[in-house]
Amino acid sequence: MDLGIQGRRAIVCASSRGLGRACAEALAREGVHLTLNAREEGPLSETVDAIASTHGVEVAGIAGDIADERTQRALLDACPAPDILVNNSGGPPPGRFADWDRDAWVGALDANMLAPLAMIRLALDGMCERRFGRIVNITSAMVKTPLSPMGLSTGARTGLTSVCKALSRDVAHANVTINNLLPERIDTARQRGMAELRAKIGGVSIEQAYDEMKASIAAQRLGRPEEFADACAFLCSAQAGFISGQNLQLDGGSYAGLI
């Protein structure tokens with residue numbers, strides 16, 4: 001299927017690896033020009049070069065923490081008229097409610113709620129004026145199925161989800177959509193870190209920790225980053241203009257609820 005976005009321009013945050021990079025690759029395959037972001041210059045440069053040489057699209061990179069206002073402004077300076085915005089940021093580590101002080105909560109809110117909202121604020125008016133915009137927030141399955149060890153993540157990301165639901169109704173008339181992707185157990189470096197933590201705490205091997213993760217998924221396997229990225233690309237497509245304000249779970253059929 002031709003997604004109808006060849007020649008469009010996208011900002012993809014936190015995109016030198018993991019789900020962010022997979023989404024950047026999927027958009028590049030559709031002919032979308034990219035402005036990418038990561039904290040570290042080295043991995044970012046490698047990603048920029050690899051995607052540009054593989055897919056023949058224009059690719060720029062802006063290094064910096066996406067929670068930093070200077071990084072946000074630099075991304076819009078590099079791509080002043082984005083058609084697509086993919087918000088992404090590494091989630092806070094699991095822990096215990098009793099251990100999270102105010103600084104921990106503020107850090108989670110800055111990275112996983114306020115930073116994506118700032119990026120949306122910078123891009124939204126232009127999208128509405130041009131009558132095309134696709135905003136996708138990479139959040140977490142914890143938005144719908146919160147677990148206490150992931151409280152920092154679910155608190156911040158649920159706040160983002162609520163604000164974006166309200167905004168989506170305001171801009172739908174301008175062919176601007178805002179949707180959220182909720183991953184669960186996708187096979188990335190972050191999932192590897194979770195497996196290592198489980199192995200350490202539970203006194204099991206990494207392989208056993210992975211087996212436990214797979215057993216918790218209805219599909220009995222981890223998700224692939226490219227599966228996740230293809231869903232992102234479709235939500236950014238011309239065909240997806242009537243889908244907005246939604247939370248799409250990519251969890252191998254594991255969520256037990258109706259909505």
# chains A, B, ... in the order shown; residues from 1 in each chain; ligands from 1
$ residues_around --residues "Gly61 of chain A" --least-positions-apart "3" --cutoff "7 Å" --atoms "only C-alpha atoms" --output "PDB file with C-alpha atoms, in the first residue's frame"
ATOM      1  CA  THR A  35      14.877  15.156  11.238  1.00  0.00           C
ATOM      2  CA  LEU A  36      16.082  12.809  13.960  1.00  0.00           C
ATOM      3  CA  ASN A  37      17.092  13.314  17.561  1.00  0.00           C
ATOM      4  CA  LEU A  44      22.729   9.747  16.020  1.00  0.00           C
ATOM      5  CA  SER A  45      25.236  10.354  13.216  1.00  0.00           C
ATOM      6  CA  VAL A  48      21.408   9.542  10.010  1.00  0.00           C
TER       7      VAL A  48
END
$ closest_atom_pairs --of "segment 13-109 of chain A" --to "segment 158-164 of chain A" --cutoff "12 Å" --atoms "only C-alpha atoms" --output "Markdown table"
| residue | atom | partner | partner_atom | distance |
| --- | --- | --- | --- | --- |
| A:Asn87 | CA | A:Leu160 | CA | 10.8 |
| A:Asn88 | CA | A:Leu160 | CA | 11.8 |
| A:Ala108 | CA | A:Gly159 | CA | 11.1 |
| A:Leu109 | CA | A:Gly159 | CA | 8.6 |
$ write_last_selection --atoms "N, CA and C atoms" --output "PDB file, in the first residue's frame"
ATOM      1  N   ASN A  87       6.602  11.581  18.753  1.00  0.00           N
ATOM      2  CA  ASN A  87       7.156  11.859  20.069  1.00  0.00           C
ATOM      3  C   ASN A  87       7.587  10.560  20.741  1.00  0.00           C
ATOM      4  N   ASN A  88       8.802  10.576  21.251  1.00  0.00           N
ATOM      5  CA  ASN A  88       9.347   9.389  21.891  1.00  0.00           C
ATOM      6  C   ASN A  88      10.378   9.832  22.913  1.00  0.00           C
ATOM      7  N   ALA A 108      10.267  12.549  35.503  1.00  0.00           N
ATOM      8  CA  ALA A 108       9.390  11.728  34.664  1.00  0.00           C
ATOM      9  C   ALA A 108       8.403  12.594  33.894  1.00  0.00           C
ATOM     10  N   LEU A 109       7.842  13.579  34.553  1.00  0.00           N
ATOM     11  CA  LEU A 109       6.890  14.470  33.889  1.00  0.00           C
ATOM     12  C   LEU A 109       7.564  15.280  32.789  1.00  0.00           C
TER      13      LEU A 109
END
$ select_by_dssp --residues "segment 11-217 of chain A" --states "strand (DSSP E or B)" --output "PyMOL selection string"
chain A and resi 11-12+33-38+59-63+84-87+133-138+176-183+186
$ write_last_selection --atoms "N, CA and C atoms" --output "short mmCIF file (atom, residue, chain, number, x, y, z; two decimals), in the first residue's frame"
data_model
loop_
_atom_site.label_atom_id
_atom_site.label_comp_id
_atom_site.auth_asym_id
_atom_site.auth_seq_id
_atom_site.Cartn_x
_atom_site.Cartn_y
_atom_site.Cartn_z
N ILE A 11 9.62 14.89 12.06
CA ILE A 11 10.52 14.93 13.21
C ILE A 11 10.26 13.66 14.02
N VAL A 12 11.30 12.91 14.29
CA VAL A 12 11.18 11.70 15.10
C VAL A 12 12.12 11.84 16.30
N HIS A 33 11.13 12.60 4.40
CA HIS A 33 12.38 13.22 4.82
C HIS A 33 12.35 13.40 6.34
N LEU A 34 13.49 13.19 6.98
CA LEU A 34 13.53 13.04 8.43
C LEU A 34 14.44 14.05 9.11
N THR A 35 14.01 14.49 10.28
CA THR A 35 14.88 15.16 11.24
C THR A 35 14.84 14.32 12.51
N LEU A 36 15.99 13.76 12.86
CA LEU A 36 16.08 12.81 13.96
C LEU A 36 16.72 13.46 15.18
N ASN A 37 16.59 12.78 16.30
CA ASN A 37 17.09 13.31 17.56
C ASN A 37 17.59 12.18 18.44
N ALA A 38 18.66 12.46 19.18
CA ALA A 38 19.15 11.55 20.21
C ALA A 38 20.06 12.35 21.13
N VAL A 59 18.00 13.37 5.50
CA VAL A 59 17.99 13.05 6.93
C VAL A 59 18.94 14.00 7.65
N ALA A 60 18.43 14.68 8.66
CA ALA A 60 19.24 15.56 9.50
C ALA A 60 19.16 15.05 10.94
N GLY A 61 20.14 15.40 11.74
CA GLY A 61 20.17 14.98 13.14
C GLY A 61 20.41 16.15 14.07
N ILE A 62 19.67 16.18 15.17
CA ILE A 62 19.84 17.20 16.21
C ILE A 62 20.11 16.47 17.52
N ALA A 63 21.32 16.61 18.03
CA ALA A 63 21.68 15.95 19.29
C ALA A 63 21.24 16.79 20.47
N ILE A 84 4.74 15.53 10.04
CA ILE A 84 4.63 14.39 10.94
C ILE A 84 5.52 14.64 12.15
N LEU A 85 5.00 14.33 13.33
CA LEU A 85 5.78 14.40 14.56
C LEU A 85 5.59 13.09 15.32
N VAL A 86 6.69 12.41 15.56
CA VAL A 86 6.66 11.20 16.38
C VAL A 86 7.37 11.51 17.69
N ASN A 87 6.60 11.58 18.75
CA ASN A 87 7.16 11.86 20.07
C ASN A 87 7.59 10.56 20.74
N GLY A 133 -1.48 17.06 9.19
CA GLY A 133 -0.59 16.80 10.31
C GLY A 133 -0.86 15.44 10.89
N ARG A 134 0.19 14.74 11.22
CA ARG A 134 0.08 13.44 11.89
C ARG A 134 1.01 13.45 13.09
N ILE A 135 0.44 13.35 14.27
CA ILE A 135 1.22 13.31 15.51
C ILE A 135 1.00 11.95 16.16
N VAL A 136 2.10 11.26 16.43
CA VAL A 136 2.04 9.96 17.09
C VAL A 136 2.93 10.01 18.33
N ASN A 137 2.35 9.71 19.46
CA ASN A 137 3.09 9.63 20.71
C ASN A 137 3.35 8.17 21.06
N ILE A 138 4.61 7.83 21.26
CA ILE A 138 4.94 6.49 21.75
C ILE A 138 4.85 6.53 23.27
N VAL A 176 -5.59 17.15 10.95
CA VAL A 176 -4.48 16.89 11.87
C VAL A 176 -4.95 15.85 12.88
N THR A 177 -4.21 14.76 12.99
CA THR A 177 -4.57 13.69 13.90
C THR A 177 -3.52 13.54 15.00
N ILE A 178 -3.97 13.10 16.15
CA ILE A 178 -3.08 12.83 17.29
C ILE A 178 -3.45 11.47 17.85
N ASN A 179 -2.52 10.54 17.79
CA ASN A 179 -2.77 9.20 18.28
C ASN A 179 -1.59 8.73 19.14
N ASN A 180 -1.83 7.66 19.89
CA ASN A 180 -0.82 7.12 20.78
C ASN A 180 -0.60 5.64 20.49
N LEU A 181 0.65 5.22 20.50
CA LEU A 181 1.00 3.81 20.38
C LEU A 181 1.45 3.29 21.74
N LEU A 182 0.87 2.18 22.17
CA LEU A 182 1.12 1.65 23.50
C LEU A 182 1.84 0.30 23.38
N PRO A 183 3.17 0.31 23.43
CA PRO A 183 3.90 -0.96 23.28
C PRO A 183 3.94 -1.77 24.58
N ILE A 186 8.09 -5.30 23.47
CA ILE A 186 8.71 -5.25 22.15
C ILE A 186 10.21 -5.52 22.34
#
$ closest_residue --among "A:Asp251, A:Glu129, A:Glu207, A:Asp230" --to "Ala81 of chain A" --atoms "only C-alpha atoms"
A:Glu129
$ residues_around --residues "Glu226 of chain A" --least-positions-apart "2" --cutoff "8 Å" --atoms "only C-alpha atoms" --output "list of chain:residue names"
A:Ala22, A:Cys23, A:Ala26, A:Arg224, A:Phe228, A:Ala229, A:Asp230
$ write_last_selection --atoms "C-alpha atoms" --output "PDB file, in the first residue's frame"
ATOM      1  CA  ALA A  22      12.350   1.644  13.785  1.00  0.00           C
ATOM      2  CA  CYS A  23       9.685   4.298  13.216  1.00  0.00           C
ATOM      3  CA  ALA A  26       9.479   2.844   8.353  1.00  0.00           C
ATOM      4  CA  ARG A 224       9.296  -6.963  16.686  1.00  0.00           C
ATOM      5  CA  PHE A 228       5.481  -1.509  15.825  1.00  0.00           C
ATOM      6  CA  ALA A 229       7.009   0.866  13.274  1.00  0.00           C
ATOM      7  CA  ASP A 230       4.654  -0.208  10.505  1.00  0.00           C
TER       8      ASP A 230
END
$ closest_residue --among "A:Phe97, A:Glu40, A:Ile243, A:Ala50" --to "Arg169 of chain A" --atoms "only C-alpha atoms"
A:Ile243
$ closest_residue --among "A:Gly18, A:Arg96, A:Asp125, A:Leu250" --to "Asp170 of chain A" --atoms "only C-alpha atoms"
A:Asp125
$ closest_residue --among "A:Pro92, A:Ala189, A:Ala172, A:Gln220" --to "Arg157 of chain A" --atoms "only C-alpha atoms"
A:Pro92
$ closest_residue --among "A:Arg121, A:Lys214, A:Arg73, A:Arg39" --to "Arg17 of chain A" --atoms "only C-alpha atoms"
A:Arg39
$ atom_distance --atom1 "atom CA of Cys79 of chain A" --atom2 "atom CA of Leu235 of chain A"
20.2 Å
$ residues_around --residues "Ala256 of chain A" --least-positions-apart "5" --cutoff "12 Å" --atoms "only C-alpha atoms" --output "PyMOL selection string"
chain A and resi 141+144-145+217-218+249+251
$ write_last_selection --atoms "C-alpha atoms" --output "PDB file, in the first residue's frame"
ATOM      1  CA  ALA A 141       0.825  -0.267  27.790  1.00  0.00           C
ATOM      2  CA  LYS A 144      -4.159   1.206  30.355  1.00  0.00           C
ATOM      3  CA  THR A 145      -2.743  -1.450  32.666  1.00  0.00           C
ATOM      4  CA  ILE A 217       2.091 -12.360  26.162  1.00  0.00           C
ATOM      5  CA  ALA A 218      -0.920 -13.997  24.503  1.00  0.00           C
ATOM      6  CA  GLN A 249      -1.960  -1.283  21.830  1.00  0.00           C
ATOM      7  CA  ASP A 251       0.896  -6.218  22.862  1.00  0.00           C
TER       8      ASP A 251
END
$ residues_around --residues "Gly95 of chain A" --least-positions-apart "3" --cutoff "12 Å" --atoms "only C-alpha atoms" --output "list in words"
Pro92, Ala98, Asp99, Trp100, Asp101, Ala104, Trp105, Leu147, Ser148, Pro149, Met150, Gly151, Leu152, Ser153, Met194 and Leu197 of chain A
